[in-house]
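Structure file run_6.cif; described as mmCIF, C-alpha atoms.
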data_final
loop_
_atom_site.label_atom_id
_atom_site.label_comp_id
_atom_site.auth_asym_id
_atom_site.auth_seq_id
_atom_site.Cartn_x
_atom_site.Cartn_y
_atom_site.Cartn_z
CA MET A 1 -58.66 210.62 184.84
CA SER A 2 -54.94 210.85 183.97
CA PHE A 3 -52.94 214.02 183.55
CA SER A 4 -49.81 214.75 181.52
CA GLY A 5 -46.63 216.09 183.11
CA GLU A 6 -47.32 219.47 181.53
CA GLU A 7 -50.81 219.59 183.04
CA LEU A 8 -49.48 218.59 186.46
CA SER A 9 -46.83 221.34 186.29
CA ARG A 10 -49.56 223.97 185.87
CA MET A 11 -51.57 222.88 188.89
CA PRO A 12 -51.20 224.72 192.19
CA GLU A 13 -50.13 222.99 195.39
CA GLN A 14 -53.09 221.65 197.35
CA ARG A 15 -53.88 219.84 200.56
CA ILE A 16 -55.05 216.24 200.22
CA HIS A 17 -56.41 213.66 202.63
CA ILE A 18 -53.99 211.00 203.86
CA ASP A 19 -56.14 208.27 202.24
CA GLN A 20 -55.55 209.85 198.80
CA LEU A 21 -51.85 209.06 198.87
CA ARG A 22 -50.43 207.05 195.97
CA VAL A 23 -46.98 205.94 194.90
CA GLY A 24 -45.60 208.60 192.54
CA ILE A 25 -47.00 211.74 194.12
CA PHE A 26 -44.74 214.38 195.65
CA ILE A 27 -45.70 215.68 199.08
CA ARG A 28 -44.57 218.19 201.68
CA LEU A 29 -44.98 217.54 205.38
CA GLU A 30 -45.82 220.39 207.72
CA ILE A 31 -44.37 218.89 210.86
CA ASN A 32 -40.93 219.26 212.43
CA TRP A 33 -38.13 217.18 210.86
CA THR A 34 -37.55 215.39 214.17
CA HIS A 35 -41.21 214.27 214.35
CA HIS A 36 -41.25 212.03 211.28
CA PRO A 37 -39.08 209.12 210.07
CA PHE A 38 -38.28 210.50 206.60
CA LEU A 39 -34.96 211.98 205.54
CA PHE A 40 -36.65 215.06 204.06
CA ARG A 41 -39.85 216.98 204.74
CA SER A 42 -40.53 217.07 200.98
CA PHE A 43 -40.23 213.93 198.87
CA LYS A 44 -41.83 211.72 196.23
CA ILE A 45 -43.63 208.64 197.58
CA LYS A 46 -41.92 205.51 196.26
CA SER A 47 -43.54 202.65 198.16
CA GLU A 48 -46.64 201.53 200.01
CA ASP A 49 -44.48 201.25 203.14
CA GLN A 50 -43.95 205.01 203.05
CA ILE A 51 -47.72 205.51 202.86
CA ASP A 52 -48.20 203.16 205.81
CA ALA A 53 -45.58 205.11 207.79
CA LEU A 54 -47.31 208.41 207.02
CA LYS A 55 -50.59 207.01 208.29
CA GLU A 56 -48.85 205.75 211.43
CA LEU A 57 -47.94 209.37 212.21
CA GLY A 58 -51.65 210.11 212.64
CA LEU A 59 -51.70 212.77 209.92
CA ARG A 60 -55.03 213.65 208.38
CA SER A 61 -53.59 215.55 205.42
CA VAL A 62 -50.39 216.52 203.58
CA VAL A 63 -49.52 219.09 200.91
CA PHE A 64 -49.55 217.67 197.36
CA VAL A 65 -47.04 219.23 194.91
CA PRO A 66 -48.35 218.48 191.38
CA GLU A 67 -45.38 219.81 189.37
CA LYS A 68 -43.03 217.29 191.00
CA SER A 69 -45.46 214.37 190.89
CA ASP A 70 -45.88 211.52 188.42
CA CYS A 71 -49.62 211.18 188.98
CA MET A 72 -52.66 212.64 190.71
CA PRO A 73 -53.81 211.59 194.21
CA GLY A 74 -56.49 208.92 194.40
CA PRO A 75 -60.05 210.23 194.76
CA LEU A 76 -61.20 209.96 198.36
CA SER A 77 -64.58 208.65 197.29
CA ALA A 78 -62.88 205.66 195.64
CA VAL A 79 -61.47 204.39 198.93
CA SER A 80 -63.50 201.29 199.74
CA GLU A 81 -64.98 200.40 203.12
CA GLU A 82 -62.87 197.21 203.05
CA THR A 83 -59.69 199.28 202.62
CA LEU A 84 -60.63 201.57 205.50
CA GLU A 85 -61.49 198.59 207.71
CA ALA A 86 -58.20 196.90 206.83
CA ALA A 87 -56.27 200.05 207.70
CA SER A 88 -58.00 200.31 211.07
CA SER A 89 -57.64 196.61 211.90
CA GLN A 90 -54.97 195.34 214.25
CA THR A 91 -53.14 193.74 211.31
CA GLY A 92 -53.23 197.01 209.37
CA GLN A 93 -51.97 198.95 212.36
CA ASP A 94 -49.16 196.45 212.92
CA THR A 95 -48.11 196.70 209.26
CA ALA A 96 -48.07 200.50 209.43
CA ARG A 97 -46.11 200.44 212.69
CA GLN A 98 -43.53 198.04 211.24
CA ALA A 99 -43.09 200.25 208.17
CA SER A 100 -42.71 203.31 210.39
CA ASP A 101 -40.22 201.57 212.71
CA ALA A 102 -38.09 200.49 209.75
CA LEU A 103 -37.96 204.04 208.39
CA TRP A 104 -37.13 205.45 211.83
CA GLU A 105 -34.22 203.02 212.14
CA GLN A 106 -32.93 204.00 208.69
CA LYS A 107 -33.20 207.66 209.62
CA ARG A 108 -31.37 207.17 212.91
CA THR A 109 -28.57 205.34 211.09
CA ARG A 110 -28.23 208.11 208.53
CA VAL A 111 -28.43 210.90 211.11
CA GLU A 112 -25.62 209.27 213.07
CA PHE A 113 -23.65 208.88 209.85
CA GLN A 114 -24.13 212.58 209.13
CA ARG A 115 -22.93 213.54 212.61
CA LYS A 116 -19.83 211.37 212.29
CA HIS A 117 -19.19 212.63 208.80
CA ARG A 118 -19.37 216.26 209.93
CA ARG A 119 -16.81 215.47 212.61
CA ALA A 120 -14.64 213.83 209.95
CA ILE A 121 -15.05 216.91 207.73
CA ALA A 122 -13.98 219.17 210.60
CA ALA A 123 -10.94 216.98 211.29
CA CYS A 124 -10.02 216.95 207.59
CA GLN A 125 -10.40 220.73 207.42
CA GLU A 126 -8.20 221.21 210.50
CA LYS A 127 -5.51 218.92 209.06
CA PHE A 128 -5.66 220.78 205.74
CA GLU A 129 -5.19 224.15 207.44
CA GLN A 130 -2.25 222.85 209.48
CA THR A 131 -0.64 221.43 206.34
CA MET A 132 -1.31 224.67 204.45
CA GLN A 133 0.54 226.64 207.14
CA ARG A 134 3.51 224.28 206.81
CA VAL A 135 3.44 224.61 203.01
CA ASN A 136 3.39 228.39 203.35
CA ARG A 137 6.46 228.33 205.59
CA VAL A 138 8.31 225.85 203.38
CA ILE A 139 7.83 227.78 200.14
CA THR A 140 8.36 231.20 201.70
CA ASN A 141 11.61 230.16 203.41
CA LEU A 142 13.07 228.12 200.57
CA GLY A 143 15.94 230.53 199.90
CA THR A 144 16.90 231.13 203.53
CA ALA A 145 17.12 227.70 205.14
CA SER A 146 17.20 225.14 202.35
CA ALA A 147 18.29 222.11 204.42
CA GLU A 148 15.62 222.59 207.08
CA VAL A 149 13.04 223.55 204.48
CA LEU A 150 13.70 220.44 202.41
CA GLU A 151 13.32 218.22 205.48
CA GLU A 152 10.01 219.88 206.35
CA ALA A 153 8.76 219.52 202.78
CA GLU A 154 9.75 215.85 202.70
CA SER A 155 7.99 215.35 206.03
CA ILE A 156 4.75 216.74 204.60
CA MET A 157 4.95 214.47 201.57
CA ARG A 158 5.81 211.42 203.70
CA GLU A 159 2.69 211.96 205.80
CA ILE A 160 0.40 212.28 202.78
CA ALA A 161 1.98 209.34 200.93
CA SER A 162 1.87 207.16 204.03
CA ALA A 163 -1.82 207.96 204.56
CA LEU A 164 -2.63 207.12 200.94
CA VAL A 165 -0.73 203.83 200.98
CA SER A 166 -1.82 202.60 204.41
CA ASP A 167 -5.49 203.62 204.28
CA LYS A 168 -7.38 202.28 201.27
CA ASP A 169 -10.61 203.92 202.42
CA ASN A 170 -9.42 207.53 202.11
CA ALA A 171 -11.58 209.95 200.16
CA VAL A 172 -10.96 213.00 197.98
CA HIS A 173 -12.59 215.71 200.05
CA LEU A 174 -13.62 219.29 199.28
CA VAL A 175 -12.29 221.80 201.82
CA ASN A 176 -12.79 225.49 202.51
CA THR A 177 -10.02 227.76 201.30
CA LYS A 178 -9.34 231.46 201.06
CA ALA A 179 -8.78 233.37 197.83
CA GLY A 180 -6.09 236.01 197.45
CA ALA A 181 -2.55 235.70 198.78
CA GLN A 182 -3.04 232.01 199.60
CA ASP A 183 -3.74 231.04 195.98
CA PHE A 184 -0.11 230.11 195.25
CA PHE A 185 0.12 227.85 198.28
CA ASN A 186 -3.35 226.36 197.67
CA HIS A 187 -2.26 225.44 194.15
CA ALA A 188 0.95 223.84 195.42
CA LEU A 189 -0.87 221.69 197.98
CA ASN A 190 -3.81 220.95 195.69
CA THR A 191 -1.63 219.59 192.90
CA SER A 192 0.53 217.62 195.35
CA VAL A 193 -2.49 215.89 196.90
CA LEU A 194 -4.28 215.23 193.60
CA GLY A 195 -1.10 214.07 191.90
CA MET A 196 -0.30 211.61 194.69
CA ILE A 197 -3.88 210.29 194.70
CA VAL A 198 -3.75 209.62 190.95
CA ALA A 199 -0.26 208.13 191.12
CA ARG A 200 -1.21 205.85 194.02
CA GLU A 201 -4.19 204.58 192.02
CA TYR A 202 -1.97 204.13 188.98
CA GLY A 203 0.49 201.99 190.96
CA PHE A 204 3.31 204.27 192.17
CA ARG A 205 5.11 202.96 195.25
CA GLU A 206 5.30 205.05 198.42
CA GLY A 207 8.82 206.39 197.76
CA ALA A 208 7.88 207.46 194.23
CA LEU A 209 4.73 209.11 195.59
CA GLN A 210 6.81 211.20 197.99
CA LYS A 211 9.18 212.38 195.25
CA LEU A 212 6.26 213.24 192.96
CA GLY A 213 4.55 215.18 195.74
CA LEU A 214 7.77 217.04 196.54
CA GLY A 215 8.19 218.08 192.91
CA LEU A 216 4.58 219.24 192.71
CA LEU A 217 4.88 221.19 195.94
CA PHE A 218 7.64 223.30 194.36
CA HIS A 219 6.65 223.06 190.69
CA ASP A 220 5.85 226.78 190.36
CA ILE A 221 8.67 228.09 192.56
CA GLY A 222 10.38 229.53 189.48
CA LYS A 223 7.54 232.05 189.16
CA PHE A 224 9.21 234.01 191.95
CA ARG A 225 11.68 235.13 189.26
CA ILE A 226 8.91 236.24 186.89
CA PRO A 227 7.85 239.93 187.11
CA LYS A 228 4.51 240.33 188.89
CA SER A 229 3.35 242.54 186.04
CA ILE A 230 3.36 239.40 183.88
CA LEU A 231 2.00 236.96 186.47
CA LEU A 232 -0.98 239.20 187.33
CA LYS A 233 -1.71 240.47 183.82
CA GLN A 234 -5.37 240.06 182.90
CA ALA A 235 -5.13 241.17 179.27
CA SER A 236 -3.55 239.08 176.51
CA MET A 237 0.20 238.68 176.86
CA THR A 238 2.72 239.66 174.21
CA ARG A 239 4.92 236.98 172.65
CA ALA A 240 7.86 238.18 174.77
CA GLU A 241 5.78 237.97 177.97
CA ILE A 242 4.65 234.44 177.13
CA GLU A 243 8.24 233.36 176.50
CA SER A 244 9.28 234.93 179.81
CA LEU A 245 6.52 233.09 181.70
CA GLN A 246 7.44 229.80 180.06
CA LEU A 247 10.90 230.00 181.62
CA HIS A 248 9.53 229.44 185.16
CA PRO A 249 10.10 225.63 185.05
CA VAL A 250 13.75 226.26 184.15
CA TYR A 251 14.13 228.84 186.91
CA GLY A 252 12.50 226.45 189.37
CA GLU A 253 14.93 223.66 188.51
CA GLU A 254 17.86 226.07 188.95
CA MET A 255 16.63 227.26 192.34
CA LEU A 256 16.01 223.76 193.67
CA SER A 257 19.25 222.33 192.33
CA ALA A 258 20.96 224.62 194.84
CA ALA A 259 19.12 222.82 197.66
CA LYS A 260 21.43 219.94 198.60
CA GLY A 261 19.71 216.58 198.45
CA PHE A 262 16.71 217.57 196.33
CA PRO A 263 15.77 214.34 194.47
CA SER A 264 16.42 214.21 190.73
CA GLU A 265 12.93 212.74 190.16
CA SER A 266 11.41 215.78 191.88
CA LEU A 267 13.57 218.15 189.81
CA ASP A 268 12.27 216.43 186.68
CA VAL A 269 8.68 217.14 187.79
CA VAL A 270 9.54 220.80 188.37
CA ARG A 271 11.18 221.26 184.97
CA HIS A 272 8.68 219.26 182.92
CA HIS A 273 5.26 219.85 184.51
CA HIS A 274 4.20 221.78 181.38
CA GLU A 275 5.33 219.15 178.87
CA ARG A 276 2.64 217.40 176.84
CA ILE A 277 2.49 213.91 175.36
CA ASP A 278 1.93 215.38 171.88
CA GLY A 279 5.07 217.55 172.09
CA SER A 280 3.23 220.87 172.35
CA GLY A 281 4.46 221.70 175.86
CA TYR A 282 7.50 223.53 177.20
CA PRO A 283 10.34 224.19 177.97
CA ASP A 284 11.93 221.20 176.16
CA LYS A 285 9.16 220.18 173.71
CA LEU A 286 9.29 216.58 174.93
CA SER A 287 6.80 214.05 173.60
CA GLY A 288 5.64 210.49 174.21
CA ASN A 289 8.01 208.39 176.29
CA GLN A 290 10.40 211.33 176.63
CA VAL A 291 8.03 212.64 179.30
CA SER A 292 8.54 210.79 182.58
CA MET A 293 5.55 209.30 184.40
CA GLY A 294 5.97 211.81 187.23
CA ALA A 295 5.91 214.72 184.79
CA ARG A 296 2.85 213.24 183.06
CA VAL A 297 0.96 213.15 186.36
CA ALA A 298 2.11 216.71 187.16
CA SER A 299 0.98 217.99 183.75
CA LEU A 300 -2.46 216.45 184.25
CA VAL A 301 -3.24 217.69 187.77
CA ASN A 302 -1.64 221.10 187.15
CA THR A 303 -3.95 221.62 184.16
CA TYR A 304 -6.99 220.51 186.15
CA ASP A 305 -6.31 222.88 189.04
CA ASN A 306 -5.54 225.79 186.71
CA HIS A 307 -8.89 225.34 184.96
CA CYS A 308 -10.76 225.23 188.29
CA ASN A 309 -8.89 228.06 189.99
CA LYS A 310 -8.16 230.88 187.57
CA HIS A 311 -6.93 234.28 188.77
CA ASP A 312 -10.39 235.67 188.13
CA PRO A 313 -12.89 233.17 189.64
CA LYS A 314 -15.55 234.26 187.13
CA ASN A 315 -13.46 232.62 184.39
CA SER A 316 -12.98 229.34 186.26
CA LEU A 317 -14.62 226.15 185.07
CA THR A 318 -16.56 224.03 187.52
CA PRO A 319 -14.89 220.72 188.49
CA ALA A 320 -17.36 218.78 186.33
CA GLN A 321 -16.83 221.12 183.37
CA THR A 322 -13.06 220.76 183.76
CA VAL A 323 -13.18 216.95 183.67
CA SER A 324 -15.42 217.07 180.60
CA PHE A 325 -13.24 219.68 178.86
CA MET A 326 -10.01 217.80 179.50
CA PHE A 327 -11.51 214.53 178.30
CA THR A 328 -13.21 215.88 175.16
CA ARG A 329 -10.97 218.79 174.11
CA GLN A 330 -7.52 218.14 175.61
CA ARG A 331 -7.28 214.36 175.61
CA SER A 332 -4.35 214.32 173.17
CA LEU A 333 -2.21 216.31 175.63
CA PHE A 334 -2.16 213.67 178.37
CA ASP A 335 -1.26 210.06 178.95
CA PRO A 336 -4.57 208.28 178.19
CA GLN A 337 -4.24 205.76 181.02
CA LEU A 338 -3.45 208.48 183.54
CA LEU A 339 -6.39 210.56 182.36
CA THR A 340 -8.69 207.55 182.79
CA THR A 341 -7.22 206.94 186.25
CA PHE A 342 -7.74 210.59 187.19
CA ILE A 343 -11.41 210.50 186.17
CA ARG A 344 -11.88 207.25 188.09
CA CYS A 345 -10.39 208.87 191.21
CA MET A 346 -12.34 212.13 190.94
CA GLY A 347 -15.56 210.85 189.40
CA ILE A 348 -17.51 212.46 186.59
CA HIS A 349 -18.74 214.89 189.24
CA PRO A 350 -15.69 215.82 191.38
CA PRO A 351 -16.02 217.45 194.81
CA GLY A 352 -17.31 220.99 194.36
CA SER A 353 -19.73 220.03 191.58
CA VAL A 354 -23.33 221.19 191.98
CA VAL A 355 -25.68 218.44 190.85
CA LEU A 356 -29.35 217.65 190.26
CA LEU A 357 -30.46 214.31 191.69
CA THR A 358 -33.13 212.05 190.22
CA ASP A 359 -35.58 213.03 192.98
CA GLU A 360 -35.15 216.64 191.74
CA SER A 361 -33.22 217.78 194.80
CA ILE A 362 -30.10 219.91 194.33
CA GLY A 363 -26.82 219.31 196.12
CA MET A 364 -23.07 219.79 196.08
CA VAL A 365 -20.62 216.89 195.90
CA ILE A 366 -18.39 217.12 198.98
CA SER A 367 -16.48 213.85 198.86
CA VAL A 368 -15.63 211.08 196.41
CA ASN A 369 -15.00 207.70 197.97
CA SER A 370 -12.24 205.59 196.47
CA ARG A 371 -14.51 202.52 196.60
CA ASN A 372 -17.06 203.94 194.16
CA SER A 373 -16.31 207.32 192.62
CA LEU A 374 -19.58 207.31 190.68
CA ARG A 375 -21.56 207.32 193.95
CA PRO A 376 -20.21 210.35 195.86
CA GLN A 377 -21.44 212.00 199.02
CA VAL A 378 -23.64 215.03 198.43
CA LEU A 379 -24.65 217.94 200.65
CA VAL A 380 -28.32 218.48 199.78
CA TYR A 381 -30.31 221.72 199.72
CA ASP A 382 -33.26 221.46 202.11
CA PRO A 383 -34.95 224.78 202.93
CA GLU A 384 -36.58 223.22 205.98
CA THR A 385 -33.23 222.31 207.55
CA PRO A 386 -30.59 224.77 208.82
CA ARG A 387 -27.53 224.93 206.59
CA LYS A 388 -25.23 223.68 209.36
CA GLU A 389 -27.42 220.58 209.62
CA ALA A 390 -27.96 220.12 205.87
CA PRO A 391 -28.50 216.46 204.91
CA ILE A 392 -25.43 214.61 203.64
CA ILE A 393 -26.47 211.86 201.25
CA ASP A 394 -24.20 208.88 200.63
CA LEU A 395 -25.30 207.79 197.15
CA GLU A 396 -23.51 204.48 197.63
CA ALA A 397 -26.08 203.67 200.32
CA MET A 398 -29.07 204.99 198.37
CA PRO A 399 -29.29 203.04 195.09
CA GLU A 400 -32.66 204.61 194.32
CA LEU A 401 -30.95 208.01 193.91
CA ASN A 402 -28.65 209.01 191.07
CA ILE A 403 -27.04 212.17 189.76
CA LEU A 404 -29.10 213.39 186.81
CA LYS A 405 -26.77 216.17 185.64
CA SER A 406 -24.29 218.82 186.70
CA LEU A 407 -25.48 222.40 187.23
CA ARG A 408 -23.68 225.74 186.86
CA PRO A 409 -23.56 227.53 190.23
CA GLY A 410 -24.45 230.81 188.51
CA ASP A 411 -27.74 229.29 187.32
CA LEU A 412 -28.91 228.40 190.84
CA PRO A 413 -31.71 230.37 192.54
CA PRO A 414 -30.17 232.80 195.08
CA GLU A 415 -31.50 230.90 198.09
CA VAL A 416 -29.99 227.61 196.85
CA PHE A 417 -26.66 229.27 196.03
CA ASP A 418 -26.44 230.85 199.48
CA TYR A 419 -27.33 227.54 201.15
CA LEU A 420 -24.83 225.37 199.27
CA SER A 421 -22.15 228.10 199.03
CA PRO A 422 -20.39 226.68 195.93
CA ARG A 423 -16.68 227.42 196.22
CA THR A 424 -15.17 230.23 194.16
CA ARG A 425 -11.87 228.46 194.86
CA VAL A 426 -11.69 224.67 194.85
CA ALA A 427 -9.28 222.81 197.13
CA TYR A 428 -8.97 219.15 197.99
CA PHE A 429 -7.47 217.07 200.77
CA ILE A 430 -7.69 213.44 201.81
CA GLU A 431 -10.05 212.24 204.49
CA GLN A 432 -8.62 209.09 206.04
CA GLY A 433 -10.87 206.19 206.96
CA ALA A 434 -13.61 207.50 204.67
CA MET A 435 -17.11 207.21 206.10
CA LYS A 436 -19.43 204.54 204.79
CA ILE A 437 -23.08 203.96 205.59
CA LYS A 438 -24.53 200.52 204.94
CA PRO A 439 -27.40 200.45 202.43
#
The structure given in the file should be rewritten as structure tokens.
Amino acid sequence: MSFSGEELSRMPEQRIHIDQLRVGIFIRLEINWTHHPFLFRSFKIKSEDQIDALKELGLRSVVFVPEKSDCMPGPLSAVSEETLEAASSQTGQDTARQASDALWEQKRTRVEFQRKHRRAIAACQEKFEQTMQRVNRVITNLGTASAEVLEEAESIMREIASALVSDKDNAVHLVNTKAGAQDFFNHALNTSVLGMIVAREYGFREGALQKLGLGLLFHDIGKFRIPKSILLKQASMTRAEIESLQLHPVYGEEMLSAAKGFPSESLDVVRHHHERIDGSGYPDKLSGNQVSMGARVASLVNTYDNHCNKHDPKNSLTPAQTVSFMFTRQRSLFDPQLLTTFIRCMGIHPPGSVVLLTDESIGMVISVNSRNSLRPQVLVYDPETPRKEAPIIDLEAMPELNILKSLRPGDLPPEVFDYLSPRTRVAYFIEQGAMKIKP
């Protein structure tokens, strides 16, 4: 007897005998994660090898989850004597043991990958925090020690540019960040890193990358001359307030022109980071080829970060929503080749996106690898595993898994939201020597 998906979804969970297992049914194991060779304690059976491995564990029964299954278990009475004899024969036992050994080896490889990746995440986070402290000092002290400040700023950009150029396996990585007073500095570093990543992919040379990054680091410095009452205003601005705010690129250029040796290319980025290809930007209403390539990159990444990190986090778009919005609603504002390059670098589901996978598990994208941005690394919700040990899935190494769709964090069940901890503020940095697990 066959059952429809709707009928299966109405059935309660039930315990079934190990000999009733079939490809397509979803099961939950009731043994410790370290005592079985599977990546998760709950999963859909996809091969006879998995069934053999389950039998090798000596289990008599498992929990069947109908609503996540494609079919019903096989009736126990239908299991033939020949099948039972084959399973108990030496050949059958050897086959089951080989299947189990292969799965154990895969699990060990992926567990070791996860351990190394967590160490890489910690190193990336530490480097980000150190760089953020330097950015804070540089921007805060701009008016008091311009020569020293400029050298420090150039040093930061040289390090990032050098890492991008010399290490082709770097990854765009999601990092923890604090909201509040750090928002200005987060935005400066975020746009610098993203802008340099896009420009490197587009073909900028290392020197041009450094000048772009320097301009982006200081692109909003002119806001220090804008009254806080305007910068922090939540309600709609008056025409006069909008015009005042739109002067910050001009103020920024004036402030930085006083710093001896500040590159002209970087000044151009500061003045024109709000220009648009269609001429709708400010302060100079440039259009088309009047907008330099550096300013085009700055306009793109500045818009992305502003969508993701609004003053009130409740109004922010998710990274995936932002990419979609910019591509479908704002495409005319940006250089089309740069926009395509940006999406290729970040993926359709950038780091910070909460996603549903094809096996119905939920996760958060934590890193996009430059080798294949459509197959990111995902931190997966697993209620049976402590959050600090949550599985990290490299989709590049798991071709059977795909991202089905992006989810809004606010729509997640509370326990999933708490486990994944989607960021209210999104920040990115580069992880050098990006991890890769062989399929």
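Atom pair atom CA of A:Phe262 / atom CA of A:Leu212 has a distance of 11.8 Å (rounded to one decimal).
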Inset, instruction - Using all atoms listed in the file, pick whichever of A:Val301, A:Leu407, A:Ile366, A:Leu338 has the shortest atom-to-atom distance to A:Gln321. - result: A:Leu407
Which stretch 344-432 of chain A residues have any atom within 12 Å of an atom of stretch 119-134 of chain A, and for each, what is the nearest pair of atoms with distance in Å to one decimal, counting all atoms listed in the file, rows sorted by chain and number, as JSON lines?
{"residue": "A:Ile366", "atom": "CA", "partner": "A:Ile121", "partner_atom": "CA", "distance": 9.4}
{"residue": "A:Ser367", "atom": "CA", "partner": "A:Ile121", "partner_atom": "CA", "distance": 9.5}
{"residue": "A:Gln377", "atom": "CA", "partner": "A:Ile121", "partner_atom": "CA", "distance": 11.9}
{"residue": "A:Leu379", "atom": "CA", "partner": "A:Ile121", "partner_atom": "CA", "distance": 12.0}
{"residue": "A:Ile392", "atom": "CA", "partner": "A:Ile121", "partner_atom": "CA", "distance": 11.4}
{"residue": "A:Ala427", "atom": "CA", "partner": "A:Phe128", "partner_atom": "CA", "distance": 9.6}
{"residue": "A:Tyr428", "atom": "CA", "partner": "A:Phe128", "partner_atom": "CA", "distance": 8.6}
{"residue": "A:Phe429", "atom": "CA", "partner": "A:Phe128", "partner_atom": "CA", "distance": 6.5}
{"residue": "A:Ile430", "atom": "CA", "partner": "A:Cys124", "partner_atom": "CA", "distance": 7.2}
{"residue": "A:Glu431", "atom": "CA", "partner": "A:Cys124", "partner_atom": "CA", "distance": 5.6}
{"residue": "A:Gln432", "atom": "CA", "partner": "A:Cys124", "partner_atom": "CA", "distance": 8.1}
Inset, instruction - Quick one: apply the PyMOL selection byres ((chain A and resi 349-362) around 9) to the file and drop the selected residues here as a ChimeraX atom specification. - result: /A:43-44,68,172-174,318-321,323,343,345-348,363-368,373-374,376-382,400-409,416,420,422-423,426-428
Legend entry - Nearest to A:Tyr304, chosen from A:Gln337, A:Asn190, A:Asn170, A:Ser280, with all atoms listed in the file counted in the distances: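 That would be A:Asn190, the residue with the smallest distance to A:Tyr304.
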Inset, instruction - Please write as a ChimeraX atom specification the full residue list that the PyMOL selection byres ((chain A and resi 149-157) around 9) yields on this file. - result: /A:131,134-135,137-139,141-148,158-162,192-193,209-214,217,259-262
Selected residues written out with C-alpha atoms, as a PDB file, keeping the file's coordinate frame:
ATOM      1  CA  THR A 131      -0.640 221.430 206.340  1.00  0.00           C
ATOM      2  CA  ARG A 134       3.510 224.280 206.810  1.00  0.00           C
ATOM      3  CA  VAL A 135       3.440 224.610 203.010  1.00  0.00           C
ATOM      4  CA  ARG A 137       6.460 228.330 205.590  1.00  0.00           C
ATOM      5  CA  VAL A 138       8.310 225.850 203.380  1.00  0.00           C
ATOM      6  CA  ILE A 139       7.830 227.780 200.140  1.00  0.00           C
ATOM      7  CA  ASN A 141      11.610 230.160 203.410  1.00  0.00           C
ATOM      8  CA  LEU A 142      13.070 228.120 200.570  1.00  0.00           C
ATOM      9  CA  GLY A 143      15.940 230.530 199.900  1.00  0.00           C
ATOM     10  CA  THR A 144      16.900 231.130 203.530  1.00  0.00           C
ATOM     11  CA  ALA A 145      17.120 227.700 205.140  1.00  0.00           C
ATOM     12  CA  SER A 146      17.200 225.140 202.350  1.00  0.00           C
ATOM     13  CA  ALA A 147      18.290 222.110 204.420  1.00  0.00           C
ATOM     14  CA  GLU A 148      15.620 222.590 207.080  1.00  0.00           C
ATOM     15  CA  ARG A 158       5.810 211.420 203.700  1.00  0.00           C
ATOM     16  CA  GLU A 159       2.690 211.960 205.800  1.00  0.00           C
ATOM     17  CA  ILE A 160       0.400 212.280 202.780  1.00  0.00           C
ATOM     18  CA  ALA A 161       1.980 209.340 200.930  1.00  0.00           C
ATOM     19  CA  SER A 162       1.870 207.160 204.030  1.00  0.00           C
ATOM     20  CA  SER A 192       0.530 217.620 195.350  1.00  0.00           C
ATOM     21  CA  VAL A 193      -2.490 215.890 196.900  1.00  0.00           C
ATOM     22  CA  LEU A 209       4.730 209.110 195.590  1.00  0.00           C
ATOM     23  CA  GLN A 210       6.810 211.200 197.990  1.00  0.00           C
ATOM     24  CA  LYS A 211       9.180 212.380 195.250  1.00  0.00           C
ATOM     25  CA  LEU A 212       6.260 213.240 192.960  1.00  0.00           C
ATOM     26  CA  GLY A 213       4.550 215.180 195.740  1.00  0.00           C
ATOM     27  CA  LEU A 214       7.770 217.040 196.540  1.00  0.00           C
ATOM     28  CA  LEU A 217       4.880 221.190 195.940  1.00  0.00           C
ATOM     29  CA  ALA A 259      19.120 222.820 197.660  1.00  0.00           C
ATOM     30  CA  LYS A 260      21.430 219.940 198.600  1.00  0.00           C
ATOM     31  CA  GLY A 261      19.710 216.580 198.450  1.00  0.00           C
ATOM     32  CA  PHE A 262      16.710 217.570 196.330  1.00  0.00           C
TER      33      PHE A 262
END
Legend entry - Closest of A:Arg108, A:His187, A:Lys116, A:Lys285 to A:Asn136 - atom-to-atom distances counting all atoms listed in the file: A:His187
Inset, instruction - Would you mind reading off the distance between atom CA of A:Tyr282 and atom CA of A:Lys233, one decimal, in Å? - result: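 So the answer is 20.4 Å.
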Legend entry - Selection under test: the PyMOL selection byres ((chain A and resi 255) around 10); residues as a list in words: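 Listing what the PyMOL selection byres ((chain A and resi 255) around 10) selects in the shown file: Leu142, Gly143, Ile221, Gly222, Arg225, Pro249, Val250, Tyr251, Gly252, Glu253, Glu254, Leu256, Ser257, Ala258, Ala259 and Leu267 of chain A.
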Legend entry - Atomic distance atom CA of A:Phe218 - atom CA of A:Ser287, expressed in Å with one decimal: 22.7 Å
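Residues in contact with A:Gly203 at up to 12 Å, not including ones fewer than 2 positions away on its chain and judged by only C-alpha atoms, are Leu164, Val165, Met196, Ile197, Val198, Ala199, Arg200, Glu201, Arg205, Glu206, Gly207, Ala208, Leu209, Met293, Gly294, Gln337, Leu338 and Thr341 of chain A.
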Inset, instruction - Would you please work out which residue, of A:Thr191, A:Ser42, A:Gln234, A:Asn315, is nearest to A:His273 when using all atoms listed in the file? - result: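 Of the candidates, the smallest distance to A:His273 is held by A:Thr191.
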Legend entry - All residues 12 Å or closer to A:Leu8, all atoms listed in the file, same chain fewer than 4 positions away omitted, as a list of chain:residue names: A:Ser2, A:Phe3, A:Ser4, A:Pro12, A:Glu13, A:Gln14, A:Ile25, A:Phe26, A:Phe64, A:Val65, A:Pro66, A:Glu67, A:Lys68, A:Ser69, A:Asp70, A:Cys71, A:Met72, A:Pro73
